[in-house]
$ cat coords.pdb   # PDB, C-alpha atoms and all ligand atoms
ATOM      1  CA  MET A 766      91.776 116.199  98.888
ATOM      2  CA  GLU A 767      93.880 117.828  96.164
ATOM      3  CA  GLU A 768      92.245 121.131  97.029
ATOM      4  CA  GLN A 769      92.901 120.623 100.733
ATOM      5  CA  LEU A 770      96.564 119.977 100.016
ATOM      6  CA  GLN A 771      96.829 123.174  98.014
ATOM      7  CA  LEU A 772      95.159 125.270 100.700
ATOM      8  CA  GLY A 773      97.951 124.423 103.131
ATOM      9  CA  PHE A 774      98.430 124.643 106.849
ATOM     10  CA  MET A 775      96.041 127.451 107.806
ATOM     11  CA  GLU A 776      93.093 125.797 106.140
ATOM     12  CA  THR A 777      94.097 122.382 107.492
ATOM     13  CA  GLU A 778      93.579 123.745 110.985
ATOM     14  CA  LEU A 779      90.058 124.790 110.103
ATOM     15  CA  GLN A 780      89.018 121.432 108.665
ATOM     16  CA  GLU A 781      86.313 119.316 110.207
ATOM     17  CA  PRO A 782      87.703 116.454 112.302
ATOM     18  CA  GLN A 783      88.351 113.364 110.139
ATOM     19  CA  LYS A 784      85.465 110.987 109.761
ATOM     20  CA  GLN A 785      85.751 107.869 111.894
ATOM     21  CA  SER A 786      86.610 104.836 109.766
ATOM     22  CA  PRO A 787      83.746 102.337 109.517
ATOM     23  CA  TYR A 788      86.326  99.706 110.483
ATOM     24  CA  ALA A 789      87.954 101.561 113.413
ATOM     25  CA  ASP A 790      87.111  98.743 115.843
ATOM     26  CA  PHE A 791      88.003  95.876 113.498
ATOM     27  CA  ASP A 792      91.067  93.677 113.939
ATOM     28  CA  LEU A 793      92.611  92.039 110.867
ATOM     29  CA  PRO A 794      90.622  88.770 110.991
ATOM     30  CA  ALA A 795      87.350  90.698 111.384
ATOM     31  CA  LEU A 796      88.349  93.033 108.557
ATOM     32  CA  ALA A 797      89.197  90.091 106.281
ATOM     33  CA  THR A 798      85.890  88.428 107.084
ATOM     34  CA  ASP A 799      84.006  91.628 106.308
ATOM     35  CA  ALA A 800      85.888  92.089 103.013
ATOM     36  CA  ALA A 801      85.260  88.464 102.012
ATOM     37  CA  ALA A 802      81.522  89.166 101.956
ATOM     38  CA  CYS A 803      81.752  92.719 100.592
ATOM     39  CA  THR A 804      79.264  93.810  97.945
ATOM     40  CA  LYS A 805      79.841  97.555  98.356
ATOM     41  CA  CYS A 806      80.979  98.193  94.790
ATOM     42  CA  PRO A 807      80.107  96.590  91.447
ATOM     43  CA  LEU A 808      83.387  94.639  91.308
ATOM     44  CA  HIS A 809      81.834  92.006  93.558
ATOM     45  CA  GLU A 810      79.673  90.908  90.633
ATOM     46  CA  THR A 811      82.597  89.737  88.501
ATOM     47  CA  ARG A 812      85.169  88.588  91.057
ATOM     48  CA  ASN A 813      85.970  84.984  91.944
ATOM     49  CA  SER A 814      87.884  85.882  95.117
ATOM     50  CA  VAL A 815      88.313  88.812  97.431
ATOM     51  CA  VAL A 816      92.077  89.271  97.580
ATOM     52  CA  PHE A 817      92.561  90.765 101.021
ATOM     53  CA  GLY A 818      96.305  90.564 101.658
ATOM     54  CA  VAL A 819      98.971  88.146 102.806
ATOM     55  CA  GLY A 820     102.083  88.003 104.952
ATOM     56  CA  ASN A 821     103.439  89.040 108.315
ATOM     57  CA  THR A 822     100.821  91.100 110.125
ATOM     58  CA  GLY A 823     103.560  92.689 112.256
ATOM     59  CA  ALA A 824     105.796  93.522 109.287
ATOM     60  CA  ASP A 825     107.932  96.663 109.131
ATOM     61  CA  LEU A 826     107.599  96.560 105.361
ATOM     62  CA  MET A 827     104.421  96.535 103.323
ATOM     63  CA  PHE A 828     104.089  96.322  99.535
ATOM     64  CA  ILE A 829     100.944  97.819  98.043
ATOM     65  CA  GLY A 830      99.869  97.308  94.448
ATOM     66  CA  GLU A 831      96.865  98.365  92.441
ATOM     67  CA  ALA A 832      94.380  95.485  92.200
ATOM     68  CA  PRO A 833      94.250  91.719  91.722
ATOM     69  CA  GLY A 834      94.762  90.309  88.226
ATOM     70  CA  ALA A 835      93.412  87.066  86.801
ATOM     71  CA  ASP A 836      95.791  84.734  88.707
ATOM     72  CA  GLU A 837      95.201  86.573  91.969
ATOM     73  CA  ASP A 838      91.445  86.502  91.448
ATOM     74  CA  ARG A 839      91.624  82.723  90.902
ATOM     75  CA  GLN A 840      93.890  81.999  93.870
ATOM     76  CA  GLY A 841      92.720  84.662  96.342
ATOM     77  CA  GLU A 842      96.262  85.864  97.024
ATOM     78  CA  PRO A 843      97.962  89.070  95.849
ATOM     79  CA  PHE A 844     100.954  89.004  93.480
ATOM     80  CA  VAL A 845     101.003  85.344  92.483
ATOM     81  CA  GLY A 846     101.062  85.712  88.662
ATOM     82  CA  ARG A 847     104.131  86.578  86.563
ATOM     83  CA  ALA A 848     104.418  90.036  88.088
ATOM     84  CA  GLY A 849     103.975  88.495  91.516
ATOM     85  CA  GLN A 850     106.788  86.043  90.889
ATOM     86  CA  LEU A 851     109.010  88.981  90.031
ATOM     87  CA  LEU A 852     108.003  90.725  93.266
ATOM     88  CA  THR A 853     108.834  87.535  95.201
ATOM     89  CA  GLN A 854     112.225  87.482  93.469
ATOM     90  CA  ILE A 855     112.845  91.111  94.503
ATOM     91  CA  ILE A 856     111.949  90.263  98.109
ATOM     92  CA  GLU A 857     113.799  86.953  98.336
ATOM     93  CA  SER A 858     116.797  87.221  95.985
ATOM     94  CA  GLY A 859     117.212  90.996  96.193
ATOM     95  CA  MET A 860     116.311  91.852  99.760
ATOM     96  CA  ARG A 861     117.267  88.467 101.251
ATOM     97  CA  LEU A 862     113.934  88.307 103.052
ATOM     98  CA  LYS A 863     111.193  85.717 102.863
ATOM     99  CA  ARG A 864     107.947  86.642 101.141
ATOM    100  CA  GLY A 865     106.243  85.798 104.441
ATOM    101  CA  ASP A 866     108.355  88.396 106.290
ATOM    102  CA  VAL A 867     106.549  91.306 104.609
ATOM    103  CA  TYR A 868     102.887  92.122 104.086
ATOM    104  CA  ILE A 869     101.482  92.375 100.567
ATOM    105  CA  ALA A 870      98.147  93.921  99.600
ATOM    106  CA  ASN A 871      96.431  95.926  96.912
ATOM    107  CA  VAL A 872      94.381  99.112  96.916
ATOM    108  CA  LEU A 873      91.391  97.242  95.471
ATOM    109  CA  LYS A 874      90.463  93.856  96.878
ATOM    110  CA  CYS A 875      88.541  92.654  93.820
ATOM    111  CA  ARG A 876      89.708  92.381  90.223
ATOM    112  CA  PRO A 877      88.515  95.008  87.758
ATOM    113  CA  PRO A 878      87.232  93.082  84.700
ATOM    114  CA  GLY A 879      89.898  92.718  82.020
ATOM    115  CA  ASN A 880      92.409  94.379  84.370
ATOM    116  CA  ARG A 881      91.028  97.810  83.486
ATOM    117  CA  ASN A 882      92.066 100.767  85.626
ATOM    118  CA  PRO A 883      90.147 101.144  88.875
ATOM    119  CA  GLU A 884      87.345 103.719  88.873
ATOM    120  CA  SER A 885      87.586 106.500  91.442
ATOM    121  CA  ASP A 886      84.345 105.478  93.163
ATOM    122  CA  GLU A 887      85.617 101.884  93.475
ATOM    123  CA  VAL A 888      88.767 103.183  95.144
ATOM    124  CA  GLU A 889      86.813 105.435  97.450
ATOM    125  CA  THR A 890      84.560 102.564  98.486
ATOM    126  CA  CYS A 891      87.332 100.003  98.943
ATOM    127  CA  SER A 892      90.153 102.118 100.395
ATOM    128  CA  PRO A 893      88.908 101.991 104.040
ATOM    129  CA  TYR A 894      89.936  98.308 104.038
ATOM    130  CA  LEU A 895      93.494  99.171 103.053
ATOM    131  CA  VAL A 896      93.670 102.131 105.420
ATOM    132  CA  ARG A 897      92.631  99.918 108.330
ATOM    133  CA  GLN A 898      95.153  97.255 107.242
ATOM    134  CA  ILE A 899      97.912  99.884 107.422
ATOM    135  CA  GLU A 900      96.688 101.068 110.831
ATOM    136  CA  LEU A 901      96.743  97.535 112.211
ATOM    137  CA  ILE A 902     100.018  96.373 110.656
ATOM    138  CA  GLN A 903     101.806  99.683 111.385
ATOM    139  CA  PRO A 904     104.621  99.216 108.858
ATOM    140  CA  LYS A 905     107.623 101.542 108.963
ATOM    141  CA  VAL A 906     107.885 101.582 105.182
ATOM    142  CA  ILE A 907     105.313 101.155 102.438
ATOM    143  CA  VAL A 908     106.605 100.365  98.963
ATOM    144  CA  ALA A 909     103.922 101.635  96.611
ATOM    145  CA  LEU A 910     104.070  99.637  93.384
ATOM    146  CA  GLY A 911     103.138 101.704  90.353
ATOM    147  CA  SER A 912     101.473 105.059  89.750
ATOM    148  CA  PHE A 913      98.101 104.112  91.029
ATOM    149  CA  ALA A 914      99.140 102.912  94.494
ATOM    150  CA  ALA A 915     101.737 105.675  94.826
ATOM    151  CA  GLN A 916      99.260 108.417  93.958
ATOM    152  CA  MET A 917      96.763 107.068  96.456
ATOM    153  CA  MET A 918      99.351 106.813  99.237
ATOM    154  CA  LEU A 919     100.614 110.332  98.583
ATOM    155  CA  GLY A 920      97.407 112.135  97.650
ATOM    156  CA  THR A 921      98.855 113.379  94.384
ATOM    157  CA  LYS A 922      98.427 113.077  90.622
ATOM    158  CA  VAL A 923     102.180 113.197  89.926
ATOM    159  CA  GLY A 924     103.407 110.232  87.845
ATOM    160  CA  ILE A 925     105.521 107.383  89.159
ATOM    161  CA  THR A 926     108.644 108.411  87.230
ATOM    162  CA  LYS A 927     108.789 111.678  89.185
ATOM    163  CA  LEU A 928     107.757 110.124  92.513
ATOM    164  CA  ARG A 929     110.025 107.084  92.623
ATOM    165  CA  GLY A 930     113.425 106.999  94.212
ATOM    166  CA  GLU A 931     112.653 109.162  97.257
ATOM    167  CA  PHE A 932     110.837 108.616 100.520
ATOM    168  CA  HIS A 933     107.601 110.549 100.927
ATOM    169  CA  GLU A 934     105.302 111.248 103.814
ATOM    170  CA  CYS A 935     102.287 108.920 103.759
ATOM    171  CA  LYS A 936      99.204 111.038 103.056
ATOM    172  CA  VAL A 937      96.613 108.366 102.469
ATOM    173  CA  ASP A 938      93.204 109.766 103.275
ATOM    174  CA  GLY A 939      91.776 108.773 106.660
ATOM    175  CA  LEU A 940      94.872 107.095 108.149
ATOM    176  CA  GLN A 941      94.960 107.375 111.947
ATOM    177  CA  VAL A 942      98.380 107.033 113.583
ATOM    178  CA  PRO A 943      98.704 106.510 117.356
ATOM    179  CA  PRO A 944     100.295 109.570 119.050
ATOM    180  CA  HIS A 945     103.460 107.675 120.055
ATOM    181  CA  LYS A 946     103.985 106.276 116.523
ATOM    182  CA  LYS A 947     105.446 107.805 113.369
ATOM    183  CA  PRO A 948     103.380 107.439 110.193
ATOM    184  CA  PRO A 949     104.943 105.072 107.654
ATOM    185  CA  VAL A 950     107.145 106.522 104.958
ATOM    186  CA  VAL A 951     106.344 105.669 101.358
ATOM    187  CA  MET A 952     108.820 104.630  98.677
ATOM    188  CA  PRO A 953     107.106 104.660  95.290
ATOM    189  CA  THR A 954     108.628 102.444  92.640
ATOM    190  CA  TYR A 955     107.665 100.791  89.376
ATOM    191  CA  HIS A 956     105.080  98.013  89.395
ATOM    192  CA  PRO A 957     106.538  94.555  88.645
ATOM    193  CA  ALA A 958     104.138  94.255  85.676
ATOM    194  CA  TYR A 959     105.875  97.326  84.202
ATOM    195  CA  LEU A 960     109.243  95.657  84.767
ATOM    196  CA  LEU A 961     108.112  92.631  82.742
ATOM    197  CA  ARG A 962     107.560  94.975  79.790
ATOM    198  CA  ASN A 963     110.560  97.225  80.534
ATOM    199  CA  PRO A 964     113.356  95.119  82.027
ATOM    200  CA  ASN A 965     115.745  98.084  81.924
ATOM    201  CA  ALA A 966     113.746  99.694  84.718
ATOM    202  CA  LYS A 967     114.784  96.891  87.086
ATOM    203  CA  ARG A 968     117.918  98.892  87.832
ATOM    204  CA  ASP A 969     115.828 101.812  89.105
ATOM    205  CA  VAL A 970     113.702  99.531  91.247
ATOM    206  CA  TRP A 971     116.800  97.997  92.772
ATOM    207  CA  GLU A 972     118.084 101.488  93.653
ATOM    208  CA  ASP A 973     114.757 102.213  95.375
ATOM    209  CA  ILE A 974     114.789  98.885  97.199
ATOM    210  CA  LYS A 975     118.341  99.484  98.436
ATOM    211  CA  LYS A 976     117.144 102.739 100.027
ATOM    212  CA  VAL A 977     114.335 100.831 101.739
ATOM    213  CA  LEU A 978     116.790  98.251 103.071
ATOM    214  CA  ALA A 979     119.072 101.011 104.376
ATOM    215  CA  PHE A 980     116.140 102.752 106.054
ATOM    216  CA  LEU A 981     115.013  99.555 107.747
ATOM    217  CA  ALA A 982     118.585  98.711 108.793
ATOM    218  CA  GLU A 983     118.994 102.140 110.387
ATOM    219  CA  GLY A 984     115.805 101.557 112.370
ATOM    220  CA  THR A 985     114.833 105.168 111.798
ATOM    221  CA  GLY A 986     111.155 104.412 111.360
TER     222      GLY A 986
HETATM  223  S1  LIG A1001      86.570  96.032  95.431
HETATM  224 FE1  LIG A1001      86.464  96.466  97.629
HETATM  225  S2  LIG A1001      84.568  97.671  97.892
HETATM  226 FE2  LIG A1001      84.441  96.624  95.902
HETATM  227  S3  LIG A1001      83.359  94.728  96.319
HETATM  228 FE3  LIG A1001      85.555  94.279  96.435
HETATM  229  S4  LIG A1001      86.069  94.499  98.622
HETATM  230 FE4  LIG A1001      84.079  95.502  98.294
END
$ encode --input "coords.pdb" --output "structure tokens"
Amino acid sequence: MEEQLQLGFMETELQEPQKQSPYADFDLPALATDAAACTKCPLHETRNSVVFGVGNTGADLMFIGEAPGADEDRQGEPFVGRAGQLLTQIIESGMRLKRGDVYIANVLKCRPPGNRNPESDEVETCSPYLVRQIELIQPKVIVALGSFAAQMMLGTKVGITKLRGEFHECKVDGLQVPPHKKPPVVMPTYHPAYLLRNPNAKRDVWEDIKKVLAFLAEGTG
């Protein structure tokens, strides 16, 4: 992917057509049912729950984090621990929306043991679920929470500090966008877990969120 990006437009034209997603014909309930029984990567051995995603399936705004933690693994819902409560506060007190107005998911649907970083083969195996979720929900804006989600959405290795604060074109591998639709834009920002350790960064996140609100208010998506 990185290599493809560097080769640029001429080479892009010569690429093979994109592989059809294994879930191209799945709607969200079918996708969730498939994920709930998934044993495609070793994380299924240690999980308690498959944490698929939650919220408004027609949302203009989607938040994407890295992977479930211990609370999420126990409850089967993304962002319900301390970091999740902070995300809910951002959505409800900051954005004046309800948590149920947006859609919230993670790149990985199962918890990496001890909250270790996801392995690249786990991401490769699991990402078709997220890609299909994005295709079905068709958000106008994706807020990518933290380096990991941002790098996956943008097909880059650049760190979150450099990425945050600006809208980027969504370059997640394999995403199919209907011809009459624009692909979602991506606003990378800090993960709420980072904010718990670095409260001063809340100011930056609020600046990013204000840009998202302005974008949605303009209806430019
Ligand atoms: S992390 Fe994804 S690919 Fe791995 S078992 Fe869970 S749902 Fe399946």
$ residues_near_ligand --input "coords.pdb" --ligand "ligand LIG 1001 (chain A)" --cutoff "10 Å" --atoms "all atoms listed in the file" --output "PyMOL selection string"
chain A and resi 797+799-812+814-817+832-833+871-877+883+886-895
$ closest_residue --input "coords.pdb" --among "A:Leu928, A:Ile899, A:Ala848, A:Ala870" --to "A:Asp836" --atoms "all atoms listed in the file"
A:Ala848
$ closest_atom_pairs --input "coords.pdb" --of "stretch 840-957 of chain A" --to "stretch 967-980 of chain A" --cutoff "8 Å" --atoms "only C-alpha atoms" --output "tab-separated table"
residue	atom	partner	partner_atom	distance
A:Gly859	CA	A:Trp971	CA	7.8
A:Met860	CA	A:Leu978	CA	7.2
A:Val906	CA	A:Val977	CA	7.3
A:Arg929	CA	A:Asp973	CA	7.3
A:Gly930	CA	A:Asp973	CA	5.1
A:Glu931	CA	A:Asp973	CA	7.5
A:Met952	CA	A:Asp973	CA	7.2
A:Thr954	CA	A:Val970	CA	6.0
A:Tyr955	CA	A:Val970	CA	6.4
$ closest_residue --input "coords.pdb" --among "A:Pro904, A:Ile856, A:Thr926, A:Met918" --to "A:Ala966" --atoms "all atoms listed in the file"
A:Thr926
$ resolve_selection --input "coords.pdb" --expression "the PyMOL selection byres (((chain A and resi 936) around 6) and not hetatm)" --output "list in words"
Met918, Leu919, Gly920, Cys935 and Val937 of chain A
$ atom_distance --input "coords.pdb" --atom1 "atom CA of A:Gly911" --atom2 "atom CA of A:Tyr788"
26.3 Å
$ closest_residue --input "coords.pdb" --among "A:Val951, A:Val896, A:Leu826, A:Leu852" --to "A:Phe932" --atoms "only C-alpha atoms"
A:Val951
$ closest_residue --input "coords.pdb" --among "A:Glu884, A:Glu983, A:Asp938, A:Glu900" --to "A:Glu831" --atoms "only C-alpha atoms"
A:Glu884
$ residues_around --input "coords.pdb" --residues "A:Val819" --least-positions-apart "4" --cutoff "7 Å" --atoms "all atoms listed in the file" --output "list of chain:residue names"
A:Glu842, A:Tyr868, A:Ile869, A:Ala870
$ closest_residue --input "coords.pdb" --among "A:Arg847, A:His933, A:Arg861, A:Arg881" --to "A:Pro957" --atoms "only C-alpha atoms"
A:Arg847
$ atom_distance --input "coords.pdb" --atom1 "atom CA of A:Ala958" --atom2 "atom CA of A:Ser885"
21.4 Å
$ axis_aligned_box --input "coords.pdb" --around "stretch 883-894 of chain A" --padding-each-side "3 Å" --output "AutoDock Vina command-line options"
--center_x 87.2 --center_y 102.4 --center_z 96.5 --size_x 11.8 --size_y 14.2 --size_z 21.2
$ atom_distance --input "coords.pdb" --atom1 "atom CA of A:Val845" --atom2 "atom CA of A:Leu940"
27.5 Å
$ residues_near_point --input "coords.pdb" --point "(105.5, 99.5, 112.2)" --cutoff "12 Å" --atoms "all atoms listed in the file" --output "VMD selection string"
chain A and resid 821 to 827 867 to 868 898 to 907 942 to 943 945 to 950 981 984 to 986
$ closest_residue --input "coords.pdb" --among "A:Arg864, A:Arg897, A:Lys922, A:Arg962" --to "A:Pro794" --atoms "only C-alpha atoms"
A:Arg897
$ build_atoms --input "coords.pdb" --residues "stretch 885-902 of chain A" --atoms "N, CA and C atoms" --output "PDB file, in the coordinates of the input"
ATOM      1  N   SER A 885      87.364 105.762  90.187  1.00  0.00           N
ATOM      2  CA  SER A 885      87.586 106.500  91.442  1.00  0.00           C
ATOM      3  C   SER A 885      86.564 106.132  92.515  1.00  0.00           C
ATOM      4  N   ASP A 886      85.319 105.830  92.114  1.00  0.00           N
ATOM      5  CA  ASP A 886      84.345 105.478  93.163  1.00  0.00           C
ATOM      6  C   ASP A 886      84.629 104.095  93.745  1.00  0.00           C
ATOM      7  N   GLU A 887      85.218 103.200  92.944  1.00  0.00           N
ATOM      8  CA  GLU A 887      85.617 101.884  93.475  1.00  0.00           C
ATOM      9  C   GLU A 887      86.723 102.062  94.521  1.00  0.00           C
ATOM     10  N   VAL A 888      87.659 102.941  94.217  1.00  0.00           N
ATOM     11  CA  VAL A 888      88.767 103.183  95.144  1.00  0.00           C
ATOM     12  C   VAL A 888      88.239 103.807  96.433  1.00  0.00           C
ATOM     13  N   GLU A 889      87.367 104.763  96.269  1.00  0.00           N
ATOM     14  CA  GLU A 889      86.813 105.435  97.450  1.00  0.00           C
ATOM     15  C   GLU A 889      86.066 104.444  98.349  1.00  0.00           C
ATOM     16  N   THR A 890      85.337 103.540  97.711  1.00  0.00           N
ATOM     17  CA  THR A 890      84.560 102.564  98.486  1.00  0.00           C
ATOM     18  C   THR A 890      85.457 101.538  99.146  1.00  0.00           C
ATOM     19  N   CYS A 891      86.497 101.105  98.447  1.00  0.00           N
ATOM     20  CA  CYS A 891      87.332 100.003  98.943  1.00  0.00           C
ATOM     21  C   CYS A 891      88.461 100.469  99.853  1.00  0.00           C
ATOM     22  N   SER A 892      88.929 101.699  99.691  1.00  0.00           N
ATOM     23  CA  SER A 892      90.153 102.118 100.395  1.00  0.00           C
ATOM     24  C   SER A 892      90.084 102.024 101.927  1.00  0.00           C
ATOM     25  N   PRO A 893      88.903 102.156 102.580  1.00  0.00           N
ATOM     26  CA  PRO A 893      88.908 101.991 104.040  1.00  0.00           C
ATOM     27  C   PRO A 893      89.462 100.631 104.498  1.00  0.00           C
ATOM     28  N   TYR A 894      89.330  99.600 103.665  1.00  0.00           N
ATOM     29  CA  TYR A 894      89.936  98.308 104.038  1.00  0.00           C
ATOM     30  C   TYR A 894      91.463  98.438 104.107  1.00  0.00           C
ATOM     31  N   LEU A 895      92.039  99.037 103.079  1.00  0.00           N
ATOM     32  CA  LEU A 895      93.494  99.171 103.053  1.00  0.00           C
ATOM     33  C   LEU A 895      93.988 100.093 104.168  1.00  0.00           C
ATOM     34  N   VAL A 896      93.268 101.181 104.374  1.00  0.00           N
ATOM     35  CA  VAL A 896      93.670 102.131 105.420  1.00  0.00           C
ATOM     36  C   VAL A 896      93.692 101.431 106.780  1.00  0.00           C
ATOM     37  N   ARG A 897      92.664 100.641 107.044  1.00  0.00           N
ATOM     38  CA  ARG A 897      92.631  99.918 108.330  1.00  0.00           C
ATOM     39  C   ARG A 897      93.733  98.859 108.388  1.00  0.00           C
ATOM     40  N   GLN A 898      94.028  98.207 107.260  1.00  0.00           N
ATOM     41  CA  GLN A 898      95.153  97.255 107.242  1.00  0.00           C
ATOM     42  C   GLN A 898      96.447  97.962 107.651  1.00  0.00           C
ATOM     43  N   ILE A 899      96.677  99.146 107.100  1.00  0.00           N
ATOM     44  CA  ILE A 899      97.912  99.884 107.422  1.00  0.00           C
ATOM     45  C   ILE A 899      97.920 100.256 108.903  1.00  0.00           C
ATOM     46  N   GLU A 900      96.767 100.697 109.407  1.00  0.00           N
ATOM     47  CA  GLU A 900      96.688 101.068 110.831  1.00  0.00           C
ATOM     48  C   GLU A 900      97.004  99.887 111.733  1.00  0.00           C
ATOM     49  N   LEU A 901      96.551  98.709 111.356  1.00  0.00           N
ATOM     50  CA  LEU A 901      96.743  97.535 112.211  1.00  0.00           C
ATOM     51  C   LEU A 901      98.150  96.953 112.075  1.00  0.00           C
ATOM     52  N   ILE A 902      98.691  96.953 110.878  1.00  0.00           N
ATOM     53  CA  ILE A 902     100.018  96.373 110.656  1.00  0.00           C
ATOM     54  C   ILE A 902     101.117  97.344 111.117  1.00  0.00           C
TER      55      ILE A 902
END
